[in-house]
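*Asks:* Data: upload.cif, mmCIF, N, CA and C atoms.
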```cif
data_my_file
loop_
_atom_site.label_atom_id
_atom_site.label_comp_id
_atom_site.auth_asym_id
_atom_site.auth_seq_id
_atom_site.Cartn_x
_atom_site.Cartn_y
_atom_site.Cartn_z
N MET Q 21 57.91 101.60 129.29
CA MET Q 21 58.50 102.66 130.09
C MET Q 21 59.81 102.17 130.68
N LYS Q 22 60.83 103.02 130.62
CA LYS Q 22 62.13 102.65 131.17
C LYS Q 22 62.17 102.93 132.67
N PHE Q 23 62.89 102.05 133.38
CA PHE Q 23 63.02 102.18 134.83
C PHE Q 23 64.48 102.28 135.23
N ASP Q 24 64.73 103.07 136.26
CA ASP Q 24 66.03 103.04 136.91
C ASP Q 24 66.10 101.69 137.63
N PRO Q 25 67.14 100.89 137.41
CA PRO Q 25 67.19 99.54 138.01
C PRO Q 25 67.06 99.52 139.53
N LEU Q 26 67.67 100.47 140.21
CA LEU Q 26 67.59 100.51 141.67
C LEU Q 26 66.17 100.83 142.13
N LYS Q 27 65.53 101.78 141.46
CA LYS Q 27 64.15 102.13 141.81
C LYS Q 27 63.21 100.96 141.53
N LEU Q 28 63.45 100.27 140.42
CA LEU Q 28 62.65 99.09 140.08
C LEU Q 28 62.78 98.04 141.18
N TYR Q 29 64.01 97.77 141.59
CA TYR Q 29 64.27 96.79 142.65
C TYR Q 29 63.55 97.18 143.95
N LYS Q 30 63.70 98.44 144.35
CA LYS Q 30 63.07 98.89 145.60
C LYS Q 30 61.55 98.77 145.53
N ALA Q 31 60.98 99.12 144.39
CA ALA Q 31 59.53 99.03 144.24
C ALA Q 31 59.06 97.59 144.34
N ILE Q 32 59.74 96.69 143.64
CA ILE Q 32 59.32 95.28 143.66
C ILE Q 32 59.43 94.69 145.05
N ILE Q 33 60.54 94.94 145.77
CA ILE Q 33 60.67 94.34 147.10
C ILE Q 33 59.71 94.97 148.11
N ASN Q 34 59.28 96.21 147.86
CA ASN Q 34 58.27 96.82 148.73
C ASN Q 34 56.90 96.23 148.49
N ILE Q 35 56.61 95.88 147.26
CA ILE Q 35 55.31 95.31 146.92
C ILE Q 35 55.27 93.82 147.22
N SER Q 36 56.32 93.11 146.84
CA SER Q 36 56.36 91.66 146.99
C SER Q 36 57.76 91.25 147.47
N PRO Q 37 57.99 91.31 148.80
CA PRO Q 37 59.33 91.12 149.35
C PRO Q 37 60.04 89.82 148.97
N ASN Q 38 59.31 88.77 148.70
CA ASN Q 38 59.94 87.49 148.37
C ASN Q 38 60.01 87.20 146.88
N ALA Q 39 59.64 88.16 146.07
CA ALA Q 39 59.68 87.96 144.62
C ALA Q 39 61.12 87.79 144.16
N GLN Q 40 61.30 86.86 143.25
CA GLN Q 40 62.61 86.65 142.64
C GLN Q 40 62.44 86.85 141.15
N TYR Q 41 63.35 87.64 140.58
CA TYR Q 41 63.23 87.95 139.17
C TYR Q 41 64.60 88.27 138.59
N THR Q 42 64.66 88.25 137.30
CA THR Q 42 65.82 88.77 136.59
C THR Q 42 65.30 89.87 135.67
N CYS Q 43 66.19 90.75 135.30
CA CYS Q 43 65.78 91.88 134.48
C CYS Q 43 66.72 91.99 133.29
N ASP Q 44 66.17 91.87 132.11
CA ASP Q 44 66.93 92.03 130.89
C ASP Q 44 66.54 93.38 130.29
N GLY Q 45 67.36 94.37 130.51
CA GLY Q 45 67.04 95.71 130.04
C GLY Q 45 66.53 96.58 131.16
N ASP Q 46 65.79 97.62 130.78
CA ASP Q 46 65.33 98.59 131.77
C ASP Q 46 63.82 98.84 131.69
N CYS Q 47 63.07 97.84 131.22
CA CYS Q 47 61.63 98.02 131.13
C CYS Q 47 60.90 96.79 131.69
N TYR Q 48 59.64 96.96 131.96
CA TYR Q 48 58.83 95.92 132.59
C TYR Q 48 58.84 94.63 131.77
N GLU Q 49 58.80 94.78 130.46
CA GLU Q 49 58.77 93.60 129.59
C GLU Q 49 60.03 92.75 129.74
N GLY Q 50 61.10 93.33 130.26
CA GLY Q 50 62.34 92.60 130.44
C GLY Q 50 62.41 91.80 131.74
N LEU Q 51 61.36 91.86 132.55
CA LEU Q 51 61.34 91.11 133.81
C LEU Q 51 60.96 89.66 133.56
N THR Q 52 61.71 88.76 134.17
CA THR Q 52 61.38 87.33 134.14
C THR Q 52 61.23 86.90 135.60
N TRP Q 53 60.05 86.46 135.95
CA TRP Q 53 59.77 86.08 137.33
C TRP Q 53 60.26 84.66 137.58
N ARG Q 54 60.97 84.46 138.69
CA ARG Q 54 61.62 83.19 138.99
C ARG Q 54 60.92 82.36 140.06
N ASN Q 55 59.88 82.91 140.67
CA ASN Q 55 59.15 82.14 141.66
C ASN Q 55 57.67 82.50 141.58
N GLU Q 56 56.90 81.91 142.45
CA GLU Q 56 55.44 82.08 142.38
C GLU Q 56 54.92 83.18 143.31
N GLU Q 57 55.81 84.03 143.78
CA GLU Q 57 55.37 85.16 144.60
C GLU Q 57 54.50 86.09 143.75
N TYR Q 58 53.83 87.01 144.44
CA TYR Q 58 53.00 87.98 143.73
C TYR Q 58 53.86 88.78 142.74
N LYS Q 59 53.39 88.88 141.52
CA LYS Q 59 54.09 89.61 140.47
C LYS Q 59 53.40 90.96 140.26
N PRO Q 60 54.02 92.04 140.73
CA PRO Q 60 53.37 93.34 140.59
C PRO Q 60 53.22 93.76 139.13
N THR Q 61 52.15 94.45 138.86
CA THR Q 61 51.92 94.96 137.51
C THR Q 61 52.81 96.19 137.27
N GLU Q 62 52.93 96.57 136.02
CA GLU Q 62 53.71 97.76 135.69
C GLU Q 62 53.07 98.99 136.35
N GLU Q 63 51.75 99.03 136.39
CA GLU Q 63 51.05 100.14 137.02
C GLU Q 63 51.38 100.23 138.52
N GLU Q 64 51.39 99.08 139.19
CA GLU Q 64 51.73 99.06 140.62
C GLU Q 64 53.17 99.52 140.84
N ILE Q 65 54.05 99.12 139.95
CA ILE Q 65 55.45 99.49 140.08
C ILE Q 65 55.64 101.00 139.92
N VAL Q 66 55.03 101.59 138.89
CA VAL Q 66 55.22 103.04 138.70
C VAL Q 66 54.62 103.83 139.86
N GLN Q 67 53.51 103.34 140.40
CA GLN Q 67 52.93 104.03 141.55
C GLN Q 67 53.81 103.88 142.80
N LYS Q 68 54.39 102.71 142.99
CA LYS Q 68 55.26 102.49 144.15
C LYS Q 68 56.52 103.33 144.03
N ILE Q 69 57.07 103.44 142.82
CA ILE Q 69 58.24 104.29 142.61
C ILE Q 69 57.90 105.75 142.94
N ALA Q 70 56.74 106.21 142.50
CA ALA Q 70 56.32 107.58 142.81
C ALA Q 70 56.22 107.77 144.33
N GLU Q 71 55.67 106.78 145.01
CA GLU Q 71 55.54 106.84 146.47
C GLU Q 71 56.91 106.87 147.15
N LEU Q 72 57.80 105.99 146.72
CA LEU Q 72 59.13 105.93 147.33
C LEU Q 72 59.94 107.20 147.06
N ASP Q 73 59.80 107.77 145.86
CA ASP Q 73 60.47 109.03 145.55
C ASP Q 73 59.96 110.15 146.46
N TYR Q 74 58.65 110.21 146.64
CA TYR Q 74 58.05 111.22 147.50
C TYR Q 74 58.51 111.03 148.95
N GLN Q 75 58.50 109.79 149.40
CA GLN Q 75 58.93 109.50 150.77
C GLN Q 75 60.38 109.94 150.98
N GLU Q 76 61.22 109.70 149.99
CA GLU Q 76 62.63 110.12 150.08
C GLU Q 76 62.74 111.64 150.20
N GLU Q 77 61.95 112.35 149.42
CA GLU Q 77 61.95 113.83 149.49
C GLU Q 77 61.51 114.30 150.86
N VAL Q 78 60.45 113.70 151.38
CA VAL Q 78 59.91 114.10 152.68
C VAL Q 78 60.92 113.84 153.80
N GLU Q 79 61.66 112.74 153.70
CA GLU Q 79 62.59 112.37 154.76
C GLU Q 79 63.99 112.98 154.58
N GLU Q 80 64.15 113.84 153.60
CA GLU Q 80 65.45 114.47 153.36
C GLU Q 80 65.91 115.28 154.58
N TYR Q 81 64.96 115.82 155.35
CA TYR Q 81 65.32 116.62 156.52
C TYR Q 81 66.20 115.83 157.49
N LYS Q 82 66.03 114.51 157.53
CA LYS Q 82 66.82 113.69 158.45
C LYS Q 82 68.31 113.76 158.12
N GLN Q 83 68.63 113.64 156.83
CA GLN Q 83 70.03 113.72 156.42
C GLN Q 83 70.58 115.13 156.61
N GLN Q 84 69.74 116.13 156.33
CA GLN Q 84 70.18 117.51 156.51
C GLN Q 84 70.49 117.80 157.97
N ARG Q 85 69.63 117.33 158.85
CA ARG Q 85 69.88 117.52 160.29
C ARG Q 85 71.14 116.80 160.72
N ALA Q 86 71.27 115.55 160.32
CA ALA Q 86 72.43 114.75 160.73
C ALA Q 86 73.74 115.41 160.32
N ALA Q 87 73.74 116.03 159.15
CA ALA Q 87 74.95 116.69 158.65
C ALA Q 87 75.30 117.94 159.45
N GLU Q 88 74.31 118.55 160.08
CA GLU Q 88 74.56 119.82 160.78
C GLU Q 88 74.59 119.72 162.30
N TYR Q 89 74.11 118.62 162.86
CA TYR Q 89 74.20 118.49 164.32
C TYR Q 89 75.67 118.51 164.74
N PRO Q 90 75.96 119.09 165.90
CA PRO Q 90 77.34 119.01 166.40
C PRO Q 90 77.72 117.53 166.62
N SER Q 91 79.01 117.24 166.60
CA SER Q 91 79.46 115.87 166.84
C SER Q 91 79.01 115.43 168.23
N MET Q 92 78.97 114.12 168.45
CA MET Q 92 78.55 113.62 169.76
C MET Q 92 79.51 114.11 170.85
N THR Q 93 80.78 114.21 170.55
CA THR Q 93 81.75 114.71 171.51
C THR Q 93 81.42 116.15 171.89
N ASP Q 94 81.14 116.97 170.88
CA ASP Q 94 80.79 118.37 171.16
C ASP Q 94 79.47 118.47 171.93
N GLN Q 95 78.52 117.61 171.59
CA GLN Q 95 77.24 117.64 172.31
C GLN Q 95 77.43 117.28 173.78
N GLN Q 96 78.24 116.26 174.04
CA GLN Q 96 78.49 115.87 175.43
C GLN Q 96 79.21 116.98 176.18
N ASP Q 97 80.13 117.65 175.52
CA ASP Q 97 80.84 118.77 176.14
C ASP Q 97 79.86 119.90 176.47
N MET Q 98 78.96 120.20 175.53
CA MET Q 98 77.95 121.23 175.78
C MET Q 98 77.07 120.86 176.96
N GLN Q 99 76.64 119.59 177.00
CA GLN Q 99 75.78 119.13 178.10
C GLN Q 99 76.51 119.24 179.44
N PHE Q 100 77.77 118.89 179.46
CA PHE Q 100 78.56 118.98 180.69
C PHE Q 100 78.62 120.43 181.17
N HIS Q 101 78.96 121.34 180.25
CA HIS Q 101 79.07 122.75 180.63
C HIS Q 101 77.71 123.35 180.97
N ASP Q 102 76.66 122.92 180.29
CA ASP Q 102 75.30 123.38 180.63
C ASP Q 102 74.94 122.98 182.05
N ALA Q 103 75.29 121.75 182.43
CA ALA Q 103 74.97 121.25 183.77
C ALA Q 103 75.73 122.06 184.83
N ILE Q 104 76.95 122.39 184.56
CA ILE Q 104 77.76 123.15 185.52
C ILE Q 104 77.33 124.61 185.59
N ASN Q 105 77.08 125.20 184.42
CA ASN Q 105 76.82 126.65 184.34
C ASN Q 105 75.34 127.01 184.36
N GLY Q 106 74.46 126.01 184.28
CA GLY Q 106 73.03 126.30 184.24
C GLY Q 106 72.60 126.96 182.93
N THR Q 107 73.32 126.65 181.84
CA THR Q 107 73.00 127.23 180.53
C THR Q 107 72.25 126.21 179.67
N THR Q 108 71.87 126.64 178.48
CA THR Q 108 71.13 125.76 177.57
C THR Q 108 71.80 125.70 176.19
N THR Q 109 73.11 125.76 176.17
CA THR Q 109 73.86 125.76 174.92
C THR Q 109 73.52 124.55 174.05
N TRP Q 110 73.51 123.38 174.66
CA TRP Q 110 73.23 122.15 173.89
C TRP Q 110 71.82 122.17 173.30
N LYS Q 111 70.83 122.46 174.15
CA LYS Q 111 69.44 122.49 173.66
C LYS Q 111 69.28 123.54 172.56
N ASP Q 112 69.93 124.68 172.73
CA ASP Q 112 69.83 125.75 171.73
C ASP Q 112 70.44 125.31 170.39
N ALA Q 113 71.59 124.64 170.45
CA ALA Q 113 72.26 124.18 169.23
C ALA Q 113 71.41 123.16 168.49
N ILE Q 114 70.84 122.22 169.23
CA ILE Q 114 70.00 121.19 168.61
C ILE Q 114 68.73 121.82 168.04
N GLN Q 115 68.11 122.72 168.81
CA GLN Q 115 66.87 123.35 168.35
C GLN Q 115 67.10 124.19 167.10
N ALA Q 116 68.25 124.84 166.99
CA ALA Q 116 68.55 125.65 165.80
C ALA Q 116 68.56 124.78 164.55
N VAL Q 117 69.12 123.58 164.65
CA VAL Q 117 69.14 122.67 163.50
C VAL Q 117 67.73 122.17 163.20
N LYS Q 118 66.97 121.83 164.24
CA LYS Q 118 65.60 121.37 164.04
C LYS Q 118 64.74 122.47 163.40
N ASP Q 119 64.96 123.71 163.80
CA ASP Q 119 64.20 124.82 163.22
C ASP Q 119 64.59 125.05 161.76
N LYS Q 120 65.86 124.88 161.45
CA LYS Q 120 66.35 125.09 160.08
C LYS Q 120 65.79 124.02 159.13
N TYR Q 121 65.67 122.78 159.64
CA TYR Q 121 65.17 121.67 158.83
C TYR Q 121 63.98 121.03 159.55
N PRO Q 122 62.80 121.62 159.42
CA PRO Q 122 61.63 121.09 160.14
C PRO Q 122 61.24 119.70 159.66
N LYS Q 123 60.66 118.96 160.58
CA LYS Q 123 60.19 117.62 160.27
C LYS Q 123 59.03 117.72 159.28
N LYS Q 124 59.03 116.82 158.30
CA LYS Q 124 57.97 116.81 157.30
C LYS Q 124 57.25 115.47 157.35
N LYS Q 125 56.02 115.48 156.88
CA LYS Q 125 55.23 114.25 156.79
C LYS Q 125 54.66 114.13 155.39
N MET Q 126 54.40 112.90 154.99
CA MET Q 126 53.79 112.68 153.68
C MET Q 126 52.35 113.17 153.72
N ASN Q 127 51.96 113.85 152.66
CA ASN Q 127 50.61 114.36 152.53
C ASN Q 127 49.85 113.42 151.59
N THR Q 128 48.72 112.90 152.03
CA THR Q 128 47.95 111.93 151.25
C THR Q 128 47.55 112.49 149.89
N ARG Q 129 47.13 113.74 149.86
CA ARG Q 129 46.72 114.36 148.60
C ARG Q 129 47.88 114.43 147.62
N THR Q 130 49.03 114.86 148.12
CA THR Q 130 50.22 114.95 147.28
C THR Q 130 50.63 113.57 146.79
N LEU Q 131 50.61 112.59 147.68
CA LEU Q 131 50.97 111.23 147.31
C LEU Q 131 50.04 110.70 146.22
N ASN Q 132 48.74 110.89 146.39
CA ASN Q 132 47.78 110.41 145.39
C ASN Q 132 47.97 111.10 144.04
N LYS Q 133 48.30 112.39 144.06
CA LYS Q 133 48.54 113.12 142.81
C LYS Q 133 49.78 112.57 142.13
N ARG Q 134 50.81 112.29 142.89
CA ARG Q 134 52.04 111.76 142.29
C ARG Q 134 51.80 110.38 141.68
N LYS Q 135 51.01 109.57 142.34
CA LYS Q 135 50.69 108.25 141.80
C LYS Q 135 49.87 108.38 140.51
N LYS Q 136 48.92 109.30 140.52
CA LYS Q 136 48.08 109.53 139.35
C LYS Q 136 48.94 110.04 138.19
N ASP Q 137 49.85 110.96 138.47
CA ASP Q 137 50.75 111.49 137.44
C ASP Q 137 51.65 110.39 136.89
N ALA Q 138 52.11 109.49 137.76
CA ALA Q 138 52.96 108.39 137.31
C ALA Q 138 52.20 107.47 136.36
N LEU Q 139 50.94 107.21 136.68
CA LEU Q 139 50.12 106.38 135.78
C LEU Q 139 49.89 107.07 134.45
N ALA Q 140 49.66 108.38 134.50
CA ALA Q 140 49.44 109.13 133.25
C ALA Q 140 50.70 109.10 132.39
N LYS Q 141 51.87 109.22 133.01
CA LYS Q 141 53.13 109.15 132.28
C LYS Q 141 53.32 107.76 131.66
N LEU Q 142 52.93 106.73 132.40
CA LEU Q 142 53.02 105.37 131.87
C LEU Q 142 52.11 105.23 130.66
N GLU Q 143 50.90 105.70 130.76
CA GLU Q 143 49.96 105.60 129.64
C GLU Q 143 50.48 106.37 128.42
N ALA Q 144 51.05 107.54 128.67
CA ALA Q 144 51.60 108.32 127.56
C ALA Q 144 52.76 107.61 126.89
N SER Q 145 53.57 106.92 127.69
CA SER Q 145 54.70 106.19 127.10
C SER Q 145 54.22 105.00 126.27
N ARG Q 146 53.10 104.44 126.64
CA ARG Q 146 52.54 103.31 125.87
C ARG Q 146 51.98 103.77 124.54
N GLU Q 147 51.49 105.00 124.51
CA GLU Q 147 50.89 105.54 123.29
C GLU Q 147 51.93 106.01 122.30
N SER Q 148 53.15 106.24 122.75
CA SER Q 148 54.21 106.76 121.87
C SER Q 148 54.75 105.69 120.95
#
```
Starting from the file, give its structure as structure tokens.

*Replies:*
Amino acid sequence: MKFDPLKLYKAIINISPNAQYTCDGDCYEGLTWRNEEYKPTEEEIVQKIAELDYQEEVEEYKQQRAAEYPSMTDQQDMQFHDAINGTTTWKDAIQAVKDKYPKKKMNTRTLNKRKKDALAKLEASRES
């Protein structure tokens, strides 16, 4: 099975942070382990990649919110005027962004299904 090099790297360091390796190509067989740290199996790697991909999707709301929040200067100005005028402009602006991009959490069932699907895809690639 072929791997995106960055995803492969992230998966390996998440499973075995001190592992040292080189990669010749884009598949598991191209890995050469350089130390005696735990060497994750191809199955563990595909499952970790599925988990990291899902986690990235779930946490996308953070980037969406950050892109839409008013600048810190504008927020401070809103807070200043709210304090003087007894208004809630700042809280309303922040809440509007939070409502537009609600916080998400990883769902165990979804995560397990994605890991199972990743293993099935790996098995199918081995049979081809």

*Asks:* For the file shown, report as a ChimeraX atom specification the outcome of the PyMOL selection byres (((chain Q and resi 135 and name CA) around 9) and name CA) at residue level.

*Replies:* /Q:66-71,130-134,136-140

*Asks:* Report, in Å with one decimal, the straight-line distance from atom N of Q:Thr42 to atom C of Q:Leu26.

*Replies:*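 Interatomic distance, atom N of Q:Thr42 to atom C of Q:Leu26: 13.6 Å.
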
*Asks:* Rounded to one decimal, what separation in Å do you get between atom C of Q:Ala116 and atom CA of Q:Leu72?

*Replies:*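 So the two atoms, atom C of Q:Ala116 and atom CA of Q:Leu72, lie 27.2 Å apart.
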
*Asks:* Please, what distance in Å, to one decimal, runs between atom CA of Q:Arg129 and atom C of Q:Asp73?

*Replies:*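 Distance between the two atoms: 14.1 Å.
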
*Asks:* Would you kindly translate the PyMOL selection byres (((chain Q and resi 21 and name CA) around 12) and name CA) into the concrete residues it picks from this file, as a list in words?

*Replies:*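 Written out, the selection comes to Lys22, Phe23, Asp24, Leu28, Gly45, Asp46, Cys47, Tyr48, Glu49, Gly50, Glu62, Glu63, Ile65, Val66, Ala138, Leu139, Ala140, Lys141, Leu142, Glu143, Ala144, Ser145, Arg146, Glu147 and Ser148 of chain Q.
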
*Asks:* Enumerate, as a ChimeraX atom specification, the residues matched when the PyMOL selection byres ((chain Q and resi 36) around 7) is run on the file above.

*Replies:* /Q:31-35,37-39,57-60

*Asks:* As a ChimeraX atom specification, please: every residue in stretch 38-138 of chain Q that a backbone DSSP assignment puts in helix (DSSP H, G or I).

*Replies:* /Q:48-50,62-78,80-88,92-105,109-120,128-138

*Asks:* To test your reading of the structure, identify every residue in chain Q that backbone DSSP assigns to strand (DSSP E or B), and report it as a list of chain:residue names.

*Replies:* Q:Lys22, Q:Tyr41, Q:Thr42, Q:Cys43, Q:Cys47, Q:Leu51, Q:Thr52, Q:Trp53

*Asks:* Give me a file of those residues, with N, CA and C atoms, as a PDB file, in the coordinates of the input.

*Replies:*
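To be explicit, this is the file written out as result-v9.pdb:
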```
ATOM      1  N   LYS Q  22      60.830 103.020 130.620  1.00  0.00           N
ATOM      2  CA  LYS Q  22      62.130 102.650 131.170  1.00  0.00           C
ATOM      3  C   LYS Q  22      62.170 102.930 132.670  1.00  0.00           C
ATOM      4  N   TYR Q  41      63.350  87.640 140.580  1.00  0.00           N
ATOM      5  CA  TYR Q  41      63.230  87.950 139.170  1.00  0.00           C
ATOM      6  C   TYR Q  41      64.600  88.270 138.590  1.00  0.00           C
ATOM      7  N   THR Q  42      64.660  88.250 137.300  1.00  0.00           N
ATOM      8  CA  THR Q  42      65.820  88.770 136.590  1.00  0.00           C
ATOM      9  C   THR Q  42      65.300  89.870 135.670  1.00  0.00           C
ATOM     10  N   CYS Q  43      66.190  90.750 135.300  1.00  0.00           N
ATOM     11  CA  CYS Q  43      65.780  91.880 134.480  1.00  0.00           C
ATOM     12  C   CYS Q  43      66.720  91.990 133.290  1.00  0.00           C
ATOM     13  N   CYS Q  47      63.070  97.840 131.220  1.00  0.00           N
ATOM     14  CA  CYS Q  47      61.630  98.020 131.130  1.00  0.00           C
ATOM     15  C   CYS Q  47      60.900  96.790 131.690  1.00  0.00           C
ATOM     16  N   LEU Q  51      61.360  91.860 132.550  1.00  0.00           N
ATOM     17  CA  LEU Q  51      61.340  91.110 133.810  1.00  0.00           C
ATOM     18  C   LEU Q  51      60.960  89.660 133.560  1.00  0.00           C
ATOM     19  N   THR Q  52      61.710  88.760 134.170  1.00  0.00           N
ATOM     20  CA  THR Q  52      61.380  87.330 134.140  1.00  0.00           C
ATOM     21  C   THR Q  52      61.230  86.900 135.600  1.00  0.00           C
ATOM     22  N   TRP Q  53      60.050  86.460 135.950  1.00  0.00           N
ATOM     23  CA  TRP Q  53      59.770  86.080 137.330  1.00  0.00           C
ATOM     24  C   TRP Q  53      60.260  84.660 137.580  1.00  0.00           C
TER      25      TRP Q  53
END
```

*Asks:* Pick from Q:Tyr121, Q:Lys111, Q:Arg54, Q:Gln40: nearest to Q:Met98, with all atoms listed in the file counted?

*Replies:*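 The answer is Q:Lys111, which sits nearest to Q:Met98.
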
*Asks:* Considering all atoms listed in the file, state which residue in the set Q:Glu64, Q:Ala113, Q:Lys124, Q:Trp53 is at the smallest distance from Q:Lys82.

*Replies:* Q:Lys124
